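Novice: If you scroll down you'll find the structure; I have some questions about it.
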Amino acid sequence: MRVSVSWLREYVDLPADLPTSDLEQALVDLGIEVDSVVDLAETVTGQLVVGEVREIEELTGFKKPIRFCRVDVGAANGTGEPQEIVCGARNFAPGDRVVVILPGGVLPGGFAIGARKTYGHNSAGMICSAKELGLGDDHSGIIVLGPDVTAKPGDDARPVVGLDDVVLDLEITPDRGYALSLRGLARELSHAFDVPLRDPALAPAPGGTETPAYPVEVRDTVGCDRFTARLVRGVDPTAPTPSWMQQRLVTAGIRSISLPVDITNYVMLELGQPMHAFDADRIVGPLVVRRAEAGEKLTTLDGVNRVLTADDMVICDDTGPISLAAVMGGETSEVVAETTTVLFEAAHWDPAMVGRTARRHKLFSEAAKRWERGVDPAVALVALERAVRLLTEHGGGTPSAEILDIDHVRPRTPISLPADLPTRRVGVEYPPARVVALLERVGCTVAQGADRLSEDPGAVGVASGVGTVLSVTPPTWRPDLTDPADLVEEVVRLDGYDRVPSVLPTAPPGRGLTPRQRRRRAVAGSLAERGYVEVLAHPFVSPELADQLGLPADDTRRPAVRLANPLSEEEPLLRTTLLGPLLGILKRNLGRGHRDLALYEIGAVFHPRIGAGSPPAMGVDRRPTDEEFAAADAVVPAQPVHVAVVLTGDLDPAGWWGPGRPAGWADAIEAARDVLAAAGIPGERVEVRAAEYAPWHPGRCAELRVDGSVVGHAGELHPVVVATLELPRRTSAMELNLDALPATPVTPAPTVSGFPPALIDVALVVDESVPAEQVRRALEAGAGELLEDVRLFDVYSGAQLGAGRRSLAYKLTFRAPDRTLTVEEAVAARDAAVAVAAERLGATLRGA
């Protein structure tokens, strides 16, 4: 939210010489994030003056309309002659007063202005738009000063357009909706500087009359618990918005549209009450406020024809919906250039309904932003009176004596607050009188309730206020205050966060990392050492991901958890595999021009507990019992930690040294072996088998087993998956469940022999269906204790071996711990290994 300090000063008596740094610090201390504090006077240097357009010559023959203007800038240019300026804007005419920056000036962003020849004419200076001056985002035309501006040509334009002000750009947290208004911010600053507040919501406003201003029926008093309206007839449709109002709207980032619409936006910024202006002459019949019927259509002010759902609230006339309630009005009833009868509406809508509607239709308007954060239901009539007075003052017209006020707002429920709770929760002494004073400053009504016994007689400072319970009724503009904890937060915030001591807990001695942490770090380090780059993906996925990964729609192996309040309606599920988001990151990097990629992620996946039911409702006033915690924990999805890698492109790059080697399914399997080795799983307990498991290629997929249990899969992705996700051919991946791995065994220190090894190569011919892993295990079983290492180094198939046969060549390393092996001992060990392979797998020595 952008707001000028001069506007704030109308409601709160800030010190005249207040430094901007002190103002910023005060807002931060109150819990309001300050994005920037900009002194507008310093953003534009040089001569920025008021000019009056004398002549306009339309230039033709160019791709866009160009105008050659002569502008009277008084004596600012040193000659008194009109300044010649080329301009492309079309929203001004001779006689209009505009804002001109002369040569030598510099606009925001370091844009220097000079004199040059362009479009065949000399142009000295620039006629400025609001965007060029940094006052807003409107670049549709230049600033045209209103008739109420008294400045003459050549006068400094900074005070005229508000460049003599200080602008705050604030980030308001979702629970502080009241601060999205001048009224709310002024109240906060009055607390910070202990100065008087002039609350604009306390202005007198007439109540509803027996005869309504317009016939309205509210059918859903939950979605809309208050609806007020008033007519103004005989409005001058040509009346312009006063320049001071336009200036404040532009500073706030809101484009000026027309006087009635600008007034609704101005009142929204001032009081925090979003409003809507209807052209009453374009409304057919009485108004009805109701839920939409599924399939109804409405063309909103942005020109989009929207299909409504039964969860949307609409305002209707006899023709159907004319406004998407609390979000955006409709085209059929909007204020137009000929409007003379304006119906102002100020209502109060259900925040949850507005939030869902805004997200469903992707309409995050300024009104919707305020409604979903909470609006004061008591300010509707004040806002209505303020809007009517502004319109009649600047646009003429006669307000109707009838005022509509349909009020179903429920009174706030008092909150019971132990007077010593802030002290016990925070550890700072807050006497009961101080607690009461701070809550009343917020706007709460505080009364003393029943006594009680202290829950924690040993807590700091409980001697003051023990046994006293306060009955606190929050003000109507603070819907976020619903629990004792909220009131404690307000006490701490207004008393000062700086008073809360920062005490770090004593670290427990000597435990170090847990086995799970050590394993995770070892796995991450192993993959990083092998050239993989770690990425972090969002855990949210779309329902279409199962189709993209080739999973059946009814895949019971991997059911997903659906979020009740997702960040995006397009991704409402929690991931059941790391591969979906990881492949999305791979695709994004490929789109940025990277070809050779090896990525990995270690993170949690989420598996719902089918039939677990719903968690118990728990408050924030106490710690849950062990039974409540266990019941809630039983519903929480299982969250095992997985590790996954994806590879594409060249694993070894090509160069002058030779051709590169593309990454393939074998590299994904080798990454899985590396992970298991880094996790402390001995190789003899790991088994690799051929498998079929989506989304891998059925002929190039392996399952990894540890002690006979499947812990993951690796291989090449299915061609359909690759084509659907637009990934390169032969893209490979691996995913393992780290939590499924057994505990790391105690590894004995290796025995190092000082005697030389005996190296023997052996090539065995087996059926193509026999996995190389089984051959390796057979050789290890037959060779005995003298075998130190066995490694596959060649795979060959050819016509001389016969159809369906292949040759697997292994390097065998034999070594004895206490002697040098003889040739006879090494050969005997080799023969024993070959014999077991022949017995188990039908292997024969190649060439024998």
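Chain labels run A, B, ... following the order of the structure tokens; each chain numbers its residues from 1, and ligands are numbered from 1 in the order shown.
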Counting only C-alpha atoms, which residues of range 221-271 of chain A sit at most 10 Å from some atom of range 289-295 of chain A, and what is each one's closest atom pair with its distance in Å to one decimal, listed by chain and rising residue number, as a tab-separated table?

Specialist:
```
residue	atom	partner	partner_atom	distance
A:Thr221	CA	A:Arg290	CA	8.9
A:Gly223	CA	A:Arg291	CA	8.3
A:Cys224	CA	A:Val289	CA	7.9
A:Phe227	CA	A:Val289	CA	9.1
```

Novice: Which residue gives the smallest distance to Cys701 in chain A among A:Pro817, A:Gly680, A:Gly664, A:Pro286, with only C-alpha atoms counted?

Specialist: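 Using only C-alpha atoms, Cys701 in chain A sits closest to A:Gly664.
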
Novice: Which of these, A:Ala326, A:Leu390, A:Leu180, A:Val342, has the shortest distance to Arg282 in chain A once you count only C-alpha atoms?

Specialist: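 For Arg282 in chain A, the nearest of the given residues is A:Val342.
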
Novice: Within 9 Å of Gly303 in chain A, counting only C-alpha atoms, which residues qualify if same-chain residues fewer than 2 places away don't, as an NGL selection string?

Specialist: :A and (299-301 or 305 or 330-331)

Novice: I'd like a table as JSON lines: residues in range 129-246 of chain A with an atom no more than 6 Å from range 4-13 of chain A, each row giving the shortest atom pair and its distance in Å to one decimal, only C-alpha atoms counted, sorted by chain and rising residue number.

Specialist:
```
{"residue": "A:Val166", "atom": "CA", "partner": "A:Val5", "partner_atom": "CA", "distance": 5.6}
{"residue": "A:Val167", "atom": "CA", "partner": "A:Ser4", "partner_atom": "CA", "distance": 4.4}
{"residue": "A:Ala186", "atom": "CA", "partner": "A:Val12", "partner_atom": "CA", "distance": 5.5}
{"residue": "A:Val195", "atom": "CA", "partner": "A:Asp13", "partner_atom": "CA", "distance": 5.9}
{"residue": "A:Leu197", "atom": "CA", "partner": "A:Val12", "partner_atom": "CA", "distance": 4.8}
{"residue": "A:Arg198", "atom": "CA", "partner": "A:Tyr11", "partner_atom": "CA", "distance": 4.7}
```

Novice: Give me a file of those residues, with N, CA and C atoms, as an mmCIF file, in the first residue's frame.

Specialist:
```cif
data_model
loop_
_atom_site.group_PDB
_atom_site.id
_atom_site.type_symbol
_atom_site.label_atom_id
_atom_site.label_comp_id
_atom_site.auth_asym_id
_atom_site.auth_seq_id
_atom_site.Cartn_x
_atom_site.Cartn_y
_atom_site.Cartn_z
ATOM 1 N N VAL A 166 6.278 13.011 1.026
ATOM 2 C CA VAL A 166 6.986 11.769 1.329
ATOM 3 C C VAL A 166 5.978 10.634 1.199
ATOM 4 N N VAL A 167 6.355 9.594 0.459
ATOM 5 C CA VAL A 167 5.446 8.480 0.182
ATOM 6 C C VAL A 167 5.966 7.220 0.865
ATOM 7 N N ALA A 186 -3.207 5.834 10.602
ATOM 8 C CA ALA A 186 -3.158 6.969 11.525
ATOM 9 C C ALA A 186 -3.333 6.498 12.963
ATOM 10 N N VAL A 195 0.220 10.660 20.131
ATOM 11 C CA VAL A 195 -0.344 11.940 19.697
ATOM 12 C C VAL A 195 -1.821 11.718 19.389
ATOM 13 N N LEU A 197 -5.490 11.351 17.731
ATOM 14 C CA LEU A 197 -6.014 10.775 16.493
ATOM 15 C C LEU A 197 -7.343 11.431 16.169
ATOM 16 N N ARG A 198 -7.523 11.833 14.904
ATOM 17 C CA ARG A 198 -8.811 12.330 14.440
ATOM 18 C C ARG A 198 -9.423 11.245 13.549
#
```

Novice: Just checking: using only C-alpha atoms, which residue out of A:Val216, A:Val834, A:Leu438, A:Ile406 ends up closest to Val765 in chain A?

Specialist: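 Using only C-alpha atoms, Val765 in chain A sits closest to A:Val834.
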